[in-house]
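Following: one structure in structure tokens, then a few remarks.
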Amino acid sequence: MSHSYRPKRVQNSGKGPGITLPLLLAAAAVCVCLLLIPSAGKSAPAAGATPSARPEVSPSAPVMESAPVAESTPAAPASPPATASPTPPDTASPAASPAAVLDFTQPVPQSEPVEMDYFSDALFIGDSRTDGLQIYSGIKGATFYCYKGLNIFDMGKRQVVEMNGGKYTVVDALEKGPQYKKIYISLGVNELGYPGTDSFYKSFKSFLEEVRSAQPDAIIYLQNLVPVNPEICAQKKQPSYVNNQRVAEYNAIFPQLAQECQVALLDMKSALSDENGILPAEATVDGVHFTKAWYKKWLDYLMCHTVTSEAYQAGQSAAQ
Amino acid sequence: MKNLLIRLLPGVLALCLTLSACGGGQSAQSYDPTATAKALLDSDAFSDTLDSLDKDTAAQMYGIDAATITDCAVYTSLSMGAEEIAVLTLTDEDAAKTAKAALDKRVSDQTAALESYMPGEVDKLNHAIVEQSGNTALLVVAADADAARSVLDGLN
């Protein structure tokens with residue numbers, strides 16, 4: 001299914017020709033009244049007065065403490081529409097506008113959809129699923145440090161990032177490469193065969209600390225694991241450890257990591273699995289990777305689950 | 001008789017040159033991206049499910065300047081395996097040579113990535129078809145390289 005990215009605001013111009021005459025008559029009546037009673041005009045509120053700013057936060061938002069998010073009220077209808085910032089501009093916010101506070105113990109709630117340029121300063125780190133997001137979802141402008149078979153134990157060992165004519169590990173590339181404002185991490189499928197969960201947890205925590213140290217200004221998004229489709233995995237002879245029991249064991253770790261490392265948790269499991277908690281058959285050809293439609297669905301979710309830098313920083317301050 | 005032979009000599013030489021140009025080496029074959037990709041996808045050369053990439057994504061993936069691609073049809077594996085089709089029409093022959101080098105690099109990069117991740121896919125890469133002719137460049141990584149070759153030859 002195709003998806004069109006809607007403009008942030010749609011101007012409603014629903015005036016029909018049938019109401020023109022009554023409006024003119026009403027306007028004339030008002031003018032007559034103002035002429036007859038000069039003091040009446042002064043007491044009327046100005047038509048263009050800005051109403052009290054209301055936060056456009058989803059009513060179901062469980063973790064963003066309600067507060068005005070942005071000042072993007074439709075006060076300037078003549079302004080060009082193209083360059084709307086995906087997040088509240090850092091410098092344009094009046095000091096009186098408190099930022100929301102991100103609760104790291106909960107997944108990022110739904111937010112207003114961002115424009116594609118939101119990803120122009122974003123970095124994605126991941127395995128072949130993230131590779132699929134890069135080539136099939138239609139995402140534009142983002143940078144990808146992804147590689148087939150990449151796992152959390154490779155981050156400081158395997159040179160998979162090509163940069164400036166050289167090859168670097170992900171950790172080295174984070175330290176020596178450009179600084180990003182958002183970093184999305186999706187890893188775990190290639191680690192399912194490792195025994196237990198302790199080494200996964202420790203390595204992931206260590207990596208998140210390295211990411212924060214190397215990219216201190218970035219919002220770090222940690223994506224939990226999308227389940228597999230067991231039937232198709234069996235048909236395609238995927239290794240036996242690629243199963244949803246192992247996925248669930250790893251998914252139990254991500255909230256802990258998000259809370260301890262103060263990073264934003266994205267609940268991709270819920271977004272991309274079906275009512276039975278598995279990857280639907282129509283979403284995959286091999287049980288593990290997604291179809292183009294599912295990669296687009298992944299991108300749609302990311303565009304509707306974003307965090308402002310103010311909320312992210314406020315959450316970190318609150319957690320300390 | 002001698003005069004007759006001398007008069008015929010230029011014509012005979014020209015005929016020989018024409019025949020040698022047609023018979024040896026690589027034919028100057030250009031591939032229409034859409035038609036070529038469709039013919040390949042309709043064949044039995046592939047065992048994986050492929051889906052299409054847009055021009056900008058393909059250009060980024062291959063490291064080719066998108067401005068030099070005037071038309072293309074690119075399909076890659078939804079299983080993240082090796083099978084792949086890329087038929088590119090470029091602005092000129094130099095750009096096509098650059099694209100061919102990028103496609104060669106793609107094969108070696110894929111080989112490096114898949115040899116530990118999906119070792120069974122590497123043999124397909126060992127039989128990859130990478131060509132450049134005129135202003136076109138082509139990459140085909142198929143389960144059955146011979147079948148893919150037959151499709152390409154049939155387009156001539």
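Residue names in the structure tokens use chain letters A, B, ... in the order shown, residue numbers from 1 in each chain, and ligand numbers from 1 in the order shown.
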* Asked: Which of region 89-311 of chain A counts as helix (DSSP H, G or I) under DSSP, as a PyMOL selection string please?
  -> chain A and resi 116-121+128-136+152-154+170-176+189-191+198-214+230-235+244-251+254-261+268-272+281-283+292-303+309-311
Please identify every residue of chain A that has at least one atom no more than 7 Å from any atom of chain B, counting only C-alpha atoms, and report them as a PDB file with C-alpha atoms, in the first residue's frame.
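Result written to selection-v3.pdb:
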```pdb
ATOM      1  CA  SER A 128      20.263  -6.893   7.031  1.00  0.00           C
ATOM      2  CA  ILE A 135      16.729   0.189   0.031  1.00  0.00           C
ATOM      3  CA  TYR A 136      13.020  -0.634   0.101  1.00  0.00           C
ATOM      4  CA  LYS A 148      24.440  -8.236   6.410  1.00  0.00           C
ATOM      5  CA  GLY A 149      25.043 -10.458   9.424  1.00  0.00           C
ATOM      6  CA  VAL A 285       9.329 -14.153   1.942  1.00  0.00           C
ATOM      7  CA  ASP A 286      11.887 -15.916   4.147  1.00  0.00           C
ATOM      8  CA  HIS A 289      13.250 -10.170   6.378  1.00  0.00           C
ATOM      9  CA  PHE A 290      10.361  -7.990   5.284  1.00  0.00           C
ATOM     10  CA  THR A 291       8.540  -7.234   2.076  1.00  0.00           C
TER      11      THR A 291
END
```
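Restricting the calculation to only C-alpha atoms, the smallest distance between Ser30 (chain B) and any of B:Glu115, B:Glu93, B:Asp44, B:Asp123 is found for B:Glu93.
For the atom pair formed by CA of Gly134 (chain B) and CA of Lys55 (chain B), the distance is 19.8 Å, given to one decimal.
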* Exercise: region 105-114 of chain A partners within 6 Å, only C-alpha atoms, chain neighbours under 2 positions left out, as a count of residues only -> 10
* To do: Based on DSSP run over this structure's backbone, return all residues of chain B in strand (DSSP E), as a ChimeraX atom specification.
  => /B:50-53,69-77,84-90,129-133,136-141
For the residues in that selection, give me C-alpha atoms as a compact mmCIF listing (two decimals), in the first residue's frame.
```txt
# COMPACT_ATOMS: atom_id res chain seq x y z
CA LEU B 50 13.17 -9.79 -6.05
CA ASP B 51 11.70 -6.33 -5.72
CA SER B 52 12.49 -3.05 -7.39
CA LEU B 53 14.57 -0.11 -6.23
CA ILE B 69 21.74 7.49 -14.94
CA THR B 70 19.10 8.30 -17.53
CA ASP B 71 17.10 5.10 -17.17
CA CYS B 72 17.35 1.99 -15.05
CA ALA B 73 15.69 -1.16 -13.79
CA VAL B 74 17.12 -2.51 -10.55
CA TYR B 75 15.85 -5.48 -8.55
CA THR B 76 17.36 -7.00 -5.41
CA SER B 77 16.58 -9.93 -3.17
CA GLU B 84 20.09 -9.15 -8.36
CA ILE B 85 19.35 -7.40 -11.64
CA ALA B 86 20.66 -3.97 -12.59
CA VAL B 87 20.23 -2.62 -16.09
CA LEU B 88 21.44 0.94 -16.35
CA THR B 89 21.38 3.42 -19.20
CA LEU B 90 23.89 6.19 -18.66
CA ILE B 129 27.28 -11.35 -15.37
CA VAL B 130 28.69 -7.84 -15.47
CA GLU B 131 28.82 -6.04 -18.79
CA GLN B 132 29.21 -2.62 -20.29
CA SER B 133 28.38 -1.78 -23.85
CA THR B 136 24.63 0.76 -20.88
CA ALA B 137 25.89 -1.27 -17.94
CA LEU B 138 24.39 -4.46 -16.64
CA LEU B 139 24.65 -6.75 -13.63
CA VAL B 140 22.85 -10.05 -13.30
CA VAL B 141 23.32 -12.38 -10.35
```
* To do: Please provide the set of residues having any atom within 8 Å of Leu152 (chain B), restricted to only C-alpha atoms, with same-chain residues fewer than 4 positions apart removed, written as a VMD selection string.
  => chain B and resid 36 40 148 156
* Asked: Any idea what the distance is between CA of Leu225 (chain A) and CA of Asn251 (chain A)?
  ->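 So the two atoms, CA of Leu225 (chain A) and CA of Asn251 (chain A), lie 6.1 Å apart.
With distances restricted to only C-alpha atoms, A:Ser317 is the closest residue to Gln262 (chain A) from A:Ser206, A:Ser317, A:Ser186, A:Gln245.
For the atom pair formed by CA of Gln223 (chain A) and CA of Leu257 (chain A), the distance is 10.9 Å, given to one decimal.
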* **For Lys205 (chain A), the nearest of the candidates A:Glu260, A:Asp117, A:Asp131, A:Asp300, counting only C-alpha atoms** =>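 Closest residue, counting only C-alpha atoms: A:Glu260.
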* Asked: Using only C-alpha atoms, which residues sit within 12 Å of Glu282 (chain A) once same-chain residues fewer than 3 positions away are excluded, as a PyMOL selection string?
  -> chain A and resi 228-229+231-232+272-274+278-279+285-294
* List the neighbours of Leu125 (chain B) out to 9 Å using only C-alpha atoms; skip same-chain residues closer than 6 positions along the sequence, and give me the result as a list of chain:residue names. =>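 Answer for this query is B:Ala82, B:Glu83, B:Val107, B:Ser108, B:Gln110, B:Thr111, B:Val141, B:Ala142.
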How would the residues just chosen look if you wrote them out with N, CA and C atoms as a CSV table (one decimal), in the first residue's frame?
```
chain,number,residue,atom,x,y,z
B,82,ALA,N,21.9,-13.0,-2.8
B,82,ALA,CA,22.8,-12.4,-3.8
B,82,ALA,C,22.1,-12.0,-5.1
B,83,GLU,N,21.0,-12.7,-5.3
B,83,GLU,CA,20.3,-12.5,-6.6
B,83,GLU,C,19.9,-11.0,-6.9
B,107,VAL,N,29.7,-6.7,-6.7
B,107,VAL,CA,29.9,-8.2,-6.7
B,107,VAL,C,30.9,-8.5,-5.6
B,108,SER,N,32.0,-7.8,-5.6
B,108,SER,CA,33.0,-8.2,-4.6
B,108,SER,C,32.5,-7.8,-3.2
B,110,GLN,N,29.4,-7.8,-2.1
B,110,GLN,CA,28.4,-8.8,-1.8
B,110,GLN,C,29.0,-10.1,-1.4
B,111,THR,N,30.1,-10.5,-2.1
B,111,THR,CA,30.8,-11.7,-1.8
B,111,THR,C,31.3,-11.7,-0.4
B,141,VAL,N,22.9,-11.3,-11.2
B,141,VAL,CA,23.3,-12.4,-10.4
B,141,VAL,C,22.1,-13.3,-10.2
B,142,ALA,N,22.2,-14.5,-10.8
B,142,ALA,CA,21.1,-15.4,-10.9
B,142,ALA,C,21.4,-16.7,-10.2
```
* **Residue contacts of Asn244 (chain A) (7 Å, only C-alpha atoms) excluding same-chain residues fewer than 3 positions away, as a count of residues only** => 4
* Choose the residue, out of A:Tyr250, A:Ile219, A:Met155, A:Gln235, that has the smallest atom-to-atom separation from Val307 (chain A); count only C-alpha atoms. => A:Ile219
